[in-house]
Amino acid sequence: MKNRFKQIFLKDILKELLANKVNLVFMLLALIISLTALNTIYSLGASAKKQVLDVLANLQFGKDAMLVIAGGGKIIGVTTTRTDTMKMKDVENIERLEFVKLVSPWVRGILEVSYEGFSEKMRIEGVTPSYSLANNWYTKEGRFFSEQDLKNMAKVCVLGAEVPQKIKAKQVIGKKIKIGGEYFEVIGILEPKPSFGHFRHDERILIPLTTAMRRVFNKDYLDAMKILFKENTDIELAKETIRGILRQNHNLYGIQPDDFRLITPDMAIERFTATTRILTVFLLAISVISLVISGVIIMNLMYANIEERAPVIALRLALGATPSNIIQHYLTMALIVALISGFIGWWLSLGLMQLISFFSPLKPLFSWTTFFISLGFSMLTTIIFSLIPAYKATQIEPSILLKSL
Amino acid sequence: MGDKIVILEDIQKIYQIGKVSYQVLKGIDLEVEQGEFLVIMGTSGSGKTTLLNIIGLLDKPTSGRYFLEGEEVSKFDSKKLAYIRNRKLGFIFQAFHLVPWATALENVLLPLLYRPEGFSKDDEKRAISLLERLGLGERIHAKPKELSGGQQQRVAIARALITNPKLLLADEPTGNLDSASSKEVMNIFKELNAEGLTIIMVTHDPEIAKNGKRIKVIADGIFVDEKQV
Ligand SMILES: Nc1ncnc2c1ncn2[C@@H]1O[C@H](COP(=O)(O)OP(=O)(O)OP(=O)(O)O)[C@@H](O)[C@H]1O
Ligand SMILES: [Mg+2]
């Protein structure tokens with residue numbers, strides 16, 4: 001009959017809780033508010049990070065990829081070196097490395113684009129056929145560049161998914177648009193890609209790399225390249241090898257700084273989340289403080305409850321309850337409060353995230369980890385702050401029973 | 001001559017209120033035998049409740065020795081005292097002291113909640129038959145506030161009996177009851193005593209005191225008179 005025993009034990013605690021509903025409501029409220037905040041903040045941080053990762057993964061910038069950008073210096077910020085040293089020779093050398101799957105070099109610039117009545121400056125990229133594979137980005141209509149286009153320095157272009165709408169063109173394939181004073185035939189339209197924040201992926205126009213270098217921008221150097229490695233490549237080793245090749249090709253020796261930057265996905269994520277992380281840490285600190293405040297509130301309410309229940313506690317002691325029975329009783333009570341508010345707080349935070357997703361690009365994130373973390377925090381707080389009141393309860397003198405009245 | 005269940009030797013109790021010390025019990029010697037029904041009488045403030053608290057292990061004497069069934073309990077720690085209260089003693093209070101949110105049955109089962117082995121289906125059956133025996137068979141799921149004073153005190157008696165105590169302690173058990181209910185409760189006490197249960201009851205009411213087999217009178221912290229009924 002152990003179950004019936006537990007049933008009466010729990011029923012006793014629940015009824016004691018319900019006997020003072022105002023007290024109970026305030027205990028729950030104190031916890032629920034801070035848990036909701038904690039959950040929401042934690043989940044939004046996780047959601048932001050997940051979205052950055054998704055966007056990067058979608059652009060084939062996973063763990064087996066690396067970017068090389070012309071010009072040395074910090075990852076972000078102004079270049080402190082020459083930027084005109086990265087050439088096709090570098091690409092050819094790197095392509096020959098056995099751990100390299102493919103290399104996709106490019107140049108870019110902003111040029112005037114006109115089509116019928118439309119005219120505006122837009123982002124132009126000169127790329128090779130490997131661009132599609134390197135970025136997991138294919139045409140949804142028409143075709144991408146061929147080796148032939150590159151060899152011929154063909155005046156053809158592929159539009160980002162939002163470009164036709166932007167330049168107000170219908171049935172644009174086969175038509176000619178003017179880029180930087182020259183006419184280019186549209187041969188394809190890229191499929192759309194999700195963007196994160198203000199960086200629009202779908203507003204670019206691609207042209208063949210050779211055409212871009214010779215006919216449009218008139219330069220013999222590259223702006224950047226993306227390298228995909230074969231599976232299970234040691235990225236650190238690969239990075240050092242490539243760095244060595246580039247330094248040698250660029251005649252850099254000794255303490256001369258790199259005139260290029262090697263960027264791995266980790267660094268990109270770091271960069272994307274660095275700002276949000278500071279905010280997250282700050283907000284987490286606030287919610288932990290609010291959790292402590294809730295703890296203190298619960299401690300006071302527990303005290304009030306125990307004071308009010310002194311005769312019942314004295315009775316329990318008189319009937320043979322040991323101090324540990326009493327502590328068990330009040331810690332179980334604290335746990336019940338923690339569980340209820342843990343569930344409600346988590347549920348409310350889901351609703352709050354849903355609401356936030358209407359106003360921001362952040363999507364609500366369901367995660368068991370957050371759920372258990374919040375439940376854990378809730379239990380930890382209530383238990384810690386109920387220990388002293390529970391101990392206090394064991395100090396009640398059972399002799400007050402015969403005195404009262 | 002039965003076995004002695006309670007032996008008190010020179011029990012003193014001094015309350016310290018600030019700098020003033022106040023001696024309530026001034027050397028109590030007492031022997032209670034198995035199967036007795038002892039009544040302790042005295043005027044208000046004479047120290048009856050203080051003495052009963054000490055016998056019931058709810059309070060400790062300032063000095064003196066206390067043997068319960070041959071064990072010197074004045075030396076026990078709080079855990080051991082809780083064990084003795086739970087296994088050997090039953091309490092009846094003037095104010096009933098039922099848990100307000102628990103039913104009659106749950107109140108009766110309460111002492112068993114503090115036993116590591118819990119309670120069995122048989123214990124629950126026993127609780128119900130105790131309530132039935134005390135005329136509460138119809139009211140086992142009633143809350144205290146739905147019961148009359150007499151009924152509440154009978155629930156309290158059932159609660160005291162569920163642990164099969166060696167000694168029943170009662171402080172003014174009829175103090176809050178009308179004369180009819182008082183009579184009922186006293187009849188139950190006499191019946192239980194006839195079945196062999198040792199009872200120590202405190203009262204200042206001579207009519208109620210007559211129900212006991214032996215009466216000791218306390219005045220100003222010492223026993224002054226004793227008579228067999
Ligand atoms: N905790 C305490 N601190 C100080 N004095 C106390 C304490 N408890 C009892 N007293 C005093 O001890 C004396 C005896 O009290 P006790 O309750 O034993 O009397 P009583 O005989 O039960 O009286 P009554 O018939 O009114 O219940 C009283 O004068 C009381 O004021
Ligand atoms: Mg008294």
# chains A, B, ... in the order shown; residues from 1 in each chain; ligands from 1
>>> closest_atom_pairs(of="chain A", to="ligand 1", cutoff="9 Å", atoms="only C-alpha atoms and all ligand atoms", output="tab-separated table")
residue	atom	partner	partner_atom_place_in_ligand_line	distance
A:Ser399	CA	ligand 1	1 (N)	8.5
A:Ile400	CA	ligand 1	1 (N)	8.2
A:Leu402	CA	ligand 1	17 (O)	7.8
A:Lys403	CA	ligand 1	17 (O)	6.3
>>> residues_around(residues="Leu89 in chain B", least_positions_apart="4", cutoff="10 Å", atoms="only C-alpha atoms", output="list in words")
Ala318, Leu319 and Gly320 of chain A; Ile55, Gly56, Leu57, Tyr83, Ile84, Arg85, Ala160, Leu161, Thr163, Asn164, Pro165, Lys166, Leu167, Leu168 and Leu169 of chain B
>>> residues_around(residues="Asp90 in chain A", least_positions_apart="2", cutoff="10 Å", atoms="only C-alpha atoms", output="MDAnalysis selection string")
chainID A and resid 85:88 92:95 105 222 225 242 245:250
>>> interface_residues(of="chain B", to="chain A", cutoff="6 Å", atoms="only C-alpha atoms", output="list of chain:residue names")
B:Leu58, B:Asp59, B:Lys79, B:Ala82, B:Tyr83, B:Arg85, B:Asn86, B:Pro111, B:Tyr114, B:Ser120
>>> select_by_dssp(residues="range 35-188 of chain B", states="strand (DSSP E)", output="ChimeraX atom specification")
/B:37-41,63-68,71-72,89-92,167-171
>>> select_by_dssp(residues="chain B", states="alpha helix (DSSP H)", output="ChimeraX atom specification")
/B:48-55,78-88,104-109,121-133,149-161,179-194,206-209
>>> closest_residue(among="B:Asn53, B:Gln151, B:Gln228, B:Thr103", to="Ala170 in chain B", atoms="only C-alpha atoms")
B:Asn53
>>> closest_residue(among="B:Gln94, B:Ser78, B:Ser63, B:Asn176", to="ligand 2", atoms="only C-alpha atoms and all ligand atoms")
B:Gln94
>>> residues_around(residues="range 346-352 of chain A", least_positions_apart="3", cutoff="7 Å", atoms="only C-alpha atoms", output="PDB file with all heavy atoms, in the first residue's frame")
ATOM      1  N   THR A  36       9.873  32.751 -17.125  1.00  0.00           N
ATOM      2  CA  THR A  36       9.454  33.105 -18.478  1.00  0.00           C
ATOM      3  C   THR A  36      10.535  33.942 -19.142  1.00  0.00           C
ATOM      4  O   THR A  36      10.927  33.691 -20.288  1.00  0.00           O
ATOM      5  CB  THR A  36       8.126  33.882 -18.442  1.00  0.00           C
ATOM      6  OG1 THR A  36       7.181  33.136 -17.699  1.00  0.00           O
ATOM      7  CG2 THR A  36       7.595  34.121 -19.836  1.00  0.00           C
ATOM      8  N   ASN A  39      13.666  31.745 -19.866  1.00  0.00           N
ATOM      9  CA  ASN A  39      13.398  30.855 -21.000  1.00  0.00           C
ATOM     10  C   ASN A  39      13.417  31.596 -22.319  1.00  0.00           C
ATOM     11  O   ASN A  39      14.006  31.152 -23.294  1.00  0.00           O
ATOM     12  CB  ASN A  39      12.004  30.256 -20.851  1.00  0.00           C
ATOM     13  CG  ASN A  39      12.070  28.907 -20.210  1.00  0.00           C
ATOM     14  OD1 ASN A  39      13.066  28.217 -20.342  1.00  0.00           O
ATOM     15  ND2 ASN A  39      11.023  28.541 -19.516  1.00  0.00           N
ATOM     16  N   THR A  40      12.714  32.721 -22.353  1.00  0.00           N
ATOM     17  CA  THR A  40      12.583  33.461 -23.600  1.00  0.00           C
ATOM     18  C   THR A  40      13.947  33.936 -24.066  1.00  0.00           C
ATOM     19  O   THR A  40      14.311  33.753 -25.224  1.00  0.00           O
ATOM     20  CB  THR A  40      11.638  34.654 -23.402  1.00  0.00           C
ATOM     21  OG1 THR A  40      10.456  34.178 -22.762  1.00  0.00           O
ATOM     22  CG2 THR A  40      11.272  35.291 -24.720  1.00  0.00           C
ATOM     23  N   GLY A 342       7.580  26.022 -13.253  1.00  0.00           N
ATOM     24  CA  GLY A 342       8.476  25.645 -14.344  1.00  0.00           C
ATOM     25  C   GLY A 342       7.699  25.379 -15.629  1.00  0.00           C
ATOM     26  O   GLY A 342       8.048  25.884 -16.686  1.00  0.00           O
ATOM     27  N   PHE A 343       6.626  24.616 -15.500  1.00  0.00           N
ATOM     28  CA  PHE A 343       5.801  24.303 -16.675  1.00  0.00           C
ATOM     29  C   PHE A 343       5.139  25.564 -17.228  1.00  0.00           C
ATOM     30  O   PHE A 343       5.204  25.840 -18.424  1.00  0.00           O
ATOM     31  CB  PHE A 343       4.725  23.272 -16.319  1.00  0.00           C
ATOM     32  CG  PHE A 343       5.210  21.857 -16.433  1.00  0.00           C
ATOM     33  CD1 PHE A 343       5.549  21.121 -15.314  1.00  0.00           C
ATOM     34  CD2 PHE A 343       5.347  21.263 -17.682  1.00  0.00           C
ATOM     35  CE1 PHE A 343       6.013  19.827 -15.415  1.00  0.00           C
ATOM     36  CE2 PHE A 343       5.804  19.967 -17.804  1.00  0.00           C
ATOM     37  CZ  PHE A 343       6.141  19.245 -16.659  1.00  0.00           C
ATOM     38  N   LEU A 355       5.064  35.529 -30.239  1.00  0.00           N
ATOM     39  CA  LEU A 355       4.723  36.941 -30.383  1.00  0.00           C
ATOM     40  C   LEU A 355       5.908  37.705 -30.968  1.00  0.00           C
ATOM     41  O   LEU A 355       5.764  38.492 -31.907  1.00  0.00           O
ATOM     42  CB  LEU A 355       4.368  37.498 -29.002  1.00  0.00           C
ATOM     43  CG  LEU A 355       3.512  38.747 -28.988  1.00  0.00           C
ATOM     44  CD1 LEU A 355       2.105  38.421 -29.453  1.00  0.00           C
ATOM     45  CD2 LEU A 355       3.476  39.319 -27.573  1.00  0.00           C
ATOM     46  N   ILE A 356       7.109  37.448 -30.428  1.00  0.00           N
ATOM     47  CA  ILE A 356       8.311  38.145 -30.898  1.00  0.00           C
ATOM     48  C   ILE A 356       8.570  37.827 -32.369  1.00  0.00           C
ATOM     49  O   ILE A 356       9.002  38.676 -33.136  1.00  0.00           O
ATOM     50  CB  ILE A 356       9.527  37.760 -30.027  1.00  0.00           C
ATOM     51  CG1 ILE A 356       9.374  38.387 -28.645  1.00  0.00           C
ATOM     52  CG2 ILE A 356      10.839  38.203 -30.668  1.00  0.00           C
ATOM     53  CD1 ILE A 356      10.377  37.905 -27.629  1.00  0.00           C
ATOM     54  N   PHE A 371      13.833  23.548 -21.770  1.00  0.00           N
ATOM     55  CA  PHE A 371      12.772  23.121 -20.863  1.00  0.00           C
ATOM     56  C   PHE A 371      13.361  22.569 -19.576  1.00  0.00           C
ATOM     57  O   PHE A 371      12.999  22.991 -18.468  1.00  0.00           O
ATOM     58  CB  PHE A 371      11.911  22.069 -21.558  1.00  0.00           C
ATOM     59  CG  PHE A 371      10.860  21.479 -20.665  1.00  0.00           C
ATOM     60  CD1 PHE A 371       9.840  22.275 -20.158  1.00  0.00           C
ATOM     61  CD2 PHE A 371      10.897  20.142 -20.326  1.00  0.00           C
ATOM     62  CE1 PHE A 371       8.881  21.747 -19.329  1.00  0.00           C
ATOM     63  CE2 PHE A 371       9.938  19.598 -19.501  1.00  0.00           C
ATOM     64  CZ  PHE A 371       8.927  20.404 -19.003  1.00  0.00           C
TER      65      PHE A 371
END
>>> residues_around(residues="range 7-21 of chain B", least_positions_apart="3", cutoff="10 Å", atoms="only C-alpha atoms", output="ChimeraX atom specification")
/B:4,24-33,47,50-51,54-55,59-72,221-222
>>> write_last_selection(atoms="N, CA and C atoms", output="mmCIF file, in the first residue's frame")
data_model
loop_
_atom_site.group_PDB
_atom_site.id
_atom_site.type_symbol
_atom_site.label_atom_id
_atom_site.label_comp_id
_atom_site.auth_asym_id
_atom_site.auth_seq_id
_atom_site.Cartn_x
_atom_site.Cartn_y
_atom_site.Cartn_z
ATOM 1 N N LYS B 4 5.737 -0.771 36.247
ATOM 2 C CA LYS B 4 5.644 0.698 36.264
ATOM 3 C C LYS B 4 5.929 1.227 34.867
ATOM 4 N N VAL B 24 8.231 26.388 38.022
ATOM 5 C CA VAL B 24 6.850 25.911 37.921
ATOM 6 C C VAL B 24 6.698 24.553 38.599
ATOM 7 N N LEU B 25 7.661 23.645 38.366
ATOM 8 C CA LEU B 25 7.620 22.341 39.027
ATOM 9 C C LEU B 25 8.761 22.266 40.033
ATOM 10 N N LYS B 26 8.399 21.908 41.278
ATOM 11 C CA LYS B 26 9.393 22.019 42.352
ATOM 12 C C LYS B 26 9.732 20.663 42.951
ATOM 13 N N GLY B 27 9.920 19.665 42.113
ATOM 14 C CA GLY B 27 10.291 18.348 42.629
ATOM 15 C C GLY B 27 9.110 17.410 42.617
ATOM 16 N N ILE B 28 8.843 16.865 41.450
ATOM 17 C CA ILE B 28 7.701 15.961 41.289
ATOM 18 C C ILE B 28 8.215 14.525 41.290
ATOM 19 N N ASP B 29 7.687 13.699 42.180
ATOM 20 C CA ASP B 29 7.949 12.264 42.153
ATOM 21 C C ASP B 29 6.641 11.581 41.815
ATOM 22 N N LEU B 30 6.706 10.629 40.862
ATOM 23 C CA LEU B 30 5.462 9.986 40.444
ATOM 24 C C LEU B 30 5.758 8.602 39.890
ATOM 25 N N GLU B 31 4.913 7.648 40.253
ATOM 26 C CA GLU B 31 5.000 6.328 39.640
ATOM 27 C C GLU B 31 3.628 5.972 39.109
ATOM 28 N N VAL B 32 3.567 5.555 37.861
ATOM 29 C CA VAL B 32 2.294 5.173 37.256
ATOM 30 C C VAL B 32 2.410 3.730 36.788
ATOM 31 N N GLU B 33 1.455 2.915 37.218
ATOM 32 C CA GLU B 33 1.519 1.504 36.855
ATOM 33 C C GLU B 33 0.695 1.217 35.613
ATOM 34 N N GLY B 47 0.647 24.097 37.316
ATOM 35 C CA GLY B 47 1.722 23.366 36.634
ATOM 36 C C GLY B 47 1.279 22.050 36.013
ATOM 37 N N THR B 50 2.322 21.798 32.291
ATOM 38 C CA THR B 50 3.784 21.695 32.243
ATOM 39 C C THR B 50 4.215 20.255 32.528
ATOM 40 N N LEU B 51 3.602 19.661 33.539
ATOM 41 C CA LEU B 51 3.946 18.286 33.894
ATOM 42 C C LEU B 51 3.570 17.312 32.778
ATOM 43 N N ILE B 54 5.897 17.300 29.930
ATOM 44 C CA ILE B 54 7.144 16.573 30.220
ATOM 45 C C ILE B 54 6.901 15.062 30.100
ATOM 46 N N ILE B 55 5.769 14.606 30.666
ATOM 47 C CA ILE B 55 5.463 13.173 30.562
ATOM 48 C C ILE B 55 5.286 12.770 29.094
ATOM 49 N N ASP B 59 8.219 18.441 26.082
ATOM 50 C CA ASP B 59 9.048 19.446 26.738
ATOM 51 C C ASP B 59 10.030 18.697 27.636
ATOM 52 N N LYS B 60 11.149 19.349 27.964
ATOM 53 C CA LYS B 60 12.146 18.673 28.795
ATOM 54 C C LYS B 60 12.190 19.294 30.178
ATOM 55 N N PRO B 61 12.370 18.477 31.218
ATOM 56 C CA PRO B 61 12.500 19.051 32.562
ATOM 57 C C PRO B 61 13.856 19.741 32.712
ATOM 58 N N THR B 62 13.905 20.701 33.616
ATOM 59 C CA THR B 62 15.182 21.366 33.881
ATOM 60 C C THR B 62 16.114 20.406 34.620
ATOM 61 N N SER B 63 15.544 19.639 35.539
ATOM 62 C CA SER B 63 16.337 18.596 36.194
ATOM 63 C C SER B 63 15.418 17.461 36.631
ATOM 64 N N GLY B 64 15.996 16.367 37.036
ATOM 65 C CA GLY B 64 15.211 15.200 37.432
ATOM 66 C C GLY B 64 15.317 14.106 36.399
ATOM 67 N N ARG B 65 14.848 12.908 36.770
ATOM 68 C CA ARG B 65 14.954 11.769 35.865
ATOM 69 C C ARG B 65 13.581 11.235 35.518
ATOM 70 N N TYR B 66 13.465 10.780 34.268
ATOM 71 C CA TYR B 66 12.183 10.291 33.766
ATOM 72 C C TYR B 66 12.433 8.943 33.087
ATOM 73 N N PHE B 67 11.764 7.896 33.623
ATOM 74 C CA PHE B 67 11.862 6.570 32.999
ATOM 75 C C PHE B 67 10.518 6.221 32.385
ATOM 76 N N LEU B 68 10.546 5.875 31.110
ATOM 77 C CA LEU B 68 9.326 5.428 30.430
ATOM 78 C C LEU B 68 9.556 3.968 30.040
ATOM 79 N N GLU B 69 8.732 3.079 30.594
ATOM 80 C CA GLU B 69 8.911 1.640 30.392
ATOM 81 C C GLU B 69 10.349 1.222 30.652
ATOM 82 N N GLY B 70 10.936 1.771 31.696
ATOM 83 C CA GLY B 70 12.278 1.376 32.099
ATOM 84 C C GLY B 70 13.407 2.102 31.390
ATOM 85 N N GLU B 71 13.102 2.861 30.322
ATOM 86 C CA GLU B 71 14.162 3.582 29.611
ATOM 87 C C GLU B 71 14.242 5.012 30.132
ATOM 88 N N GLU B 72 15.481 5.483 30.317
ATOM 89 C CA GLU B 72 15.600 6.858 30.797
ATOM 90 C C GLU B 72 15.502 7.815 29.615
ATOM 91 N N GLY B 221 3.313 23.565 42.042
ATOM 92 C CA GLY B 221 4.476 22.822 41.574
ATOM 93 C C GLY B 221 4.834 21.568 42.344
ATOM 94 N N ILE B 222 4.042 21.191 43.338
ATOM 95 C CA ILE B 222 4.287 19.907 43.999
ATOM 96 C C ILE B 222 2.960 19.192 44.268
#
>>> closest_residue(among="B:Glu36, B:Asp122, B:Glu172, B:Glu117", to="ligand 2", atoms="only C-alpha atoms and all ligand atoms")
B:Glu172
>>> closest_residue(among="B:Phe96, B:Tyr22, B:Phe37, B:Phe76", to="Met201 in chain B", atoms="only C-alpha atoms")
B:Phe37
>>> residues_around(residues="Leu133 in chain A", least_positions_apart="2", cutoff="10 Å", atoms="only C-alpha atoms", output="number ranges by chain")
A: 59-60, 102-104, 129-131, 135-138, 228
>>> write_last_selection(atoms="N, CA and C atoms", output="PDB file, in the first residue's frame")
ATOM      1  N   LEU A  59      24.209  27.977 -47.636  1.00  0.00           N
ATOM      2  CA  LEU A  59      25.136  28.543 -48.619  1.00  0.00           C
ATOM      3  C   LEU A  59      26.395  27.692 -48.732  1.00  0.00           C
ATOM      4  N   GLN A  60      26.304  26.445 -48.255  1.00  0.00           N
ATOM      5  CA  GLN A  60      27.439  25.527 -48.335  1.00  0.00           C
ATOM      6  C   GLN A  60      28.640  26.056 -47.569  1.00  0.00           C
ATOM      7  N   LEU A 102      36.987  21.802 -54.465  1.00  0.00           N
ATOM      8  CA  LEU A 102      36.887  22.795 -55.534  1.00  0.00           C
ATOM      9  C   LEU A 102      37.149  24.190 -55.002  1.00  0.00           C
ATOM     10  N   VAL A 103      37.477  25.077 -55.935  1.00  0.00           N
ATOM     11  CA  VAL A 103      37.722  26.473 -55.578  1.00  0.00           C
ATOM     12  C   VAL A 103      36.832  27.342 -56.442  1.00  0.00           C
ATOM     13  N   SER A 104      36.189  28.314 -55.807  1.00  0.00           N
ATOM     14  CA  SER A 104      35.311  29.213 -56.551  1.00  0.00           C
ATOM     15  C   SER A 104      35.743  30.658 -56.312  1.00  0.00           C
ATOM     16  N   PRO A 129      31.865  28.697 -63.224  1.00  0.00           N
ATOM     17  CA  PRO A 129      30.789  27.685 -63.132  1.00  0.00           C
ATOM     18  C   PRO A 129      30.769  26.965 -61.777  1.00  0.00           C
ATOM     19  N   SER A 130      31.918  26.871 -61.101  1.00  0.00           N
ATOM     20  CA  SER A 130      31.962  26.148 -59.828  1.00  0.00           C
ATOM     21  C   SER A 130      31.169  26.863 -58.727  1.00  0.00           C
ATOM     22  N   TYR A 131      30.764  28.095 -59.012  1.00  0.00           N
ATOM     23  CA  TYR A 131      30.009  28.887 -58.036  1.00  0.00           C
ATOM     24  C   TYR A 131      28.771  28.141 -57.538  1.00  0.00           C
ATOM     25  N   ASN A 135      28.377  27.056 -53.602  1.00  0.00           N
ATOM     26  CA  ASN A 135      27.406  27.722 -52.737  1.00  0.00           C
ATOM     27  C   ASN A 135      26.067  26.997 -52.665  1.00  0.00           C
ATOM     28  N   ASN A 136      26.001  25.818 -53.283  1.00  0.00           N
ATOM     29  CA  ASN A 136      24.750  25.061 -53.276  1.00  0.00           C
ATOM     30  C   ASN A 136      23.620  25.929 -53.813  1.00  0.00           C
ATOM     31  N   TRP A 137      23.947  26.579 -54.918  1.00  0.00           N
ATOM     32  CA  TRP A 137      23.013  27.598 -55.419  1.00  0.00           C
ATOM     33  C   TRP A 137      22.837  27.406 -56.922  1.00  0.00           C
ATOM     34  N   TYR A 138      21.641  27.005 -57.301  1.00  0.00           N
ATOM     35  CA  TYR A 138      21.420  26.665 -58.707  1.00  0.00           C
ATOM     36  C   TYR A 138      20.378  27.573 -59.311  1.00  0.00           C
ATOM     37  N   LEU A 228      36.189  24.557 -51.013  1.00  0.00           N
ATOM     38  CA  LEU A 228      35.530  23.424 -50.348  1.00  0.00           C
ATOM     39  C   LEU A 228      36.546  22.305 -50.207  1.00  0.00           C
TER      40      LEU A 228
END
>>> closest_residue(among="B:Gly212, B:Pro144, B:Gly137, B:Gly45", to="ligand 2", atoms="only C-alpha atoms and all ligand atoms")
B:Gly45
>>> closest_residue(among="B:Ile5, B:Leu130, B:Val99, B:Ile40", to="ligand 2", atoms="only C-alpha atoms and all ligand atoms")
B:Ile40
>>> closest_atom_pairs(of="chain B", to="ligand 2", cutoff="7 Å", atoms="only C-alpha atoms and all ligand atoms", output="tab-separated table")
residue	atom	partner	partner_atom_place_in_ligand_line	distance
B:Ser44	CA	ligand 2	1 (Mg)	6.9
B:Lys48	CA	ligand 2	1 (Mg)	5.7
B:Thr49	CA	ligand 2	1 (Mg)	4.1
B:Asp171	CA	ligand 2	1 (Mg)	6.8
>>> atom_distance(atom1="CA of Asn305 in chain A", atom2="CA of Tyr391 in chain A")
13.3 Å
>>> residues_around(residues="range 362-367 of chain A", least_positions_apart="6", cutoff="8 Å", atoms="only C-alpha atoms", output="PyMOL selection string")
chain A and resi 43-44+46-48+51+350+353-354+356
>>> atom_distance(atom1="CA of Phe144 in chain A", atom2="CA of Thr210 in chain A")
14.8 Å
>>> decode(residues="range 60-74 of chain B", atoms="N, CA and C atoms", output="PDB file, in the first residue's frame")
ATOM      1  N   LYS B  60      11.149  19.349  27.964  1.00  0.00           N
ATOM      2  CA  LYS B  60      12.146  18.673  28.795  1.00  0.00           C
ATOM      3  C   LYS B  60      12.190  19.294  30.178  1.00  0.00           C
ATOM      4  N   PRO B  61      12.370  18.477  31.218  1.00  0.00           N
ATOM      5  CA  PRO B  61      12.500  19.051  32.562  1.00  0.00           C
ATOM      6  C   PRO B  61      13.856  19.741  32.712  1.00  0.00           C
ATOM      7  N   THR B  62      13.905  20.701  33.616  1.00  0.00           N
ATOM      8  CA  THR B  62      15.182  21.366  33.881  1.00  0.00           C
ATOM      9  C   THR B  62      16.114  20.406  34.620  1.00  0.00           C
ATOM     10  N   SER B  63      15.544  19.639  35.539  1.00  0.00           N
ATOM     11  CA  SER B  63      16.337  18.596  36.194  1.00  0.00           C
ATOM     12  C   SER B  63      15.418  17.461  36.631  1.00  0.00           C
ATOM     13  N   GLY B  64      15.996  16.367  37.036  1.00  0.00           N
ATOM     14  CA  GLY B  64      15.211  15.200  37.432  1.00  0.00           C
ATOM     15  C   GLY B  64      15.317  14.106  36.399  1.00  0.00           C
ATOM     16  N   ARG B  65      14.848  12.908  36.770  1.00  0.00           N
ATOM     17  CA  ARG B  65      14.954  11.769  35.865  1.00  0.00           C
ATOM     18  C   ARG B  65      13.581  11.235  35.518  1.00  0.00           C
ATOM     19  N   TYR B  66      13.465  10.780  34.268  1.00  0.00           N
ATOM     20  CA  TYR B  66      12.183  10.291  33.766  1.00  0.00           C
ATOM     21  C   TYR B  66      12.433   8.943  33.087  1.00  0.00           C
ATOM     22  N   PHE B  67      11.764   7.896  33.623  1.00  0.00           N
ATOM     23  CA  PHE B  67      11.862   6.570  32.999  1.00  0.00           C
ATOM     24  C   PHE B  67      10.518   6.221  32.385  1.00  0.00           C
ATOM     25  N   LEU B  68      10.546   5.875  31.110  1.00  0.00           N
ATOM     26  CA  LEU B  68       9.326   5.428  30.430  1.00  0.00           C
ATOM     27  C   LEU B  68       9.556   3.968  30.040  1.00  0.00           C
ATOM     28  N   GLU B  69       8.732   3.079  30.594  1.00  0.00           N
ATOM     29  CA  GLU B  69       8.911   1.640  30.392  1.00  0.00           C
ATOM     30  C   GLU B  69      10.349   1.222  30.652  1.00  0.00           C
ATOM     31  N   GLY B  70      10.936   1.771  31.696  1.00  0.00           N
ATOM     32  CA  GLY B  70      12.278   1.376  32.099  1.00  0.00           C
ATOM     33  C   GLY B  70      13.407   2.102  31.390  1.00  0.00           C
ATOM     34  N   GLU B  71      13.102   2.861  30.322  1.00  0.00           N
ATOM     35  CA  GLU B  71      14.162   3.582  29.611  1.00  0.00           C
ATOM     36  C   GLU B  71      14.242   5.012  30.132  1.00  0.00           C
ATOM     37  N   GLU B  72      15.481   5.483  30.317  1.00  0.00           N
ATOM     38  CA  GLU B  72      15.600   6.858  30.797  1.00  0.00           C
ATOM     39  C   GLU B  72      15.502   7.815  29.615  1.00  0.00           C
ATOM     40  N   VAL B  73      14.292   8.282  29.367  1.00  0.00           N
ATOM     41  CA  VAL B  73      14.042   9.079  28.155  1.00  0.00           C
ATOM     42  C   VAL B  73      14.544  10.509  28.292  1.00  0.00           C
ATOM     43  N   SER B  74      14.826  10.957  29.501  1.00  0.00           N
ATOM     44  CA  SER B  74      15.325  12.340  29.653  1.00  0.00           C
ATOM     45  C   SER B  74      16.678  12.525  28.966  1.00  0.00           C
TER      46      SER B  74
END
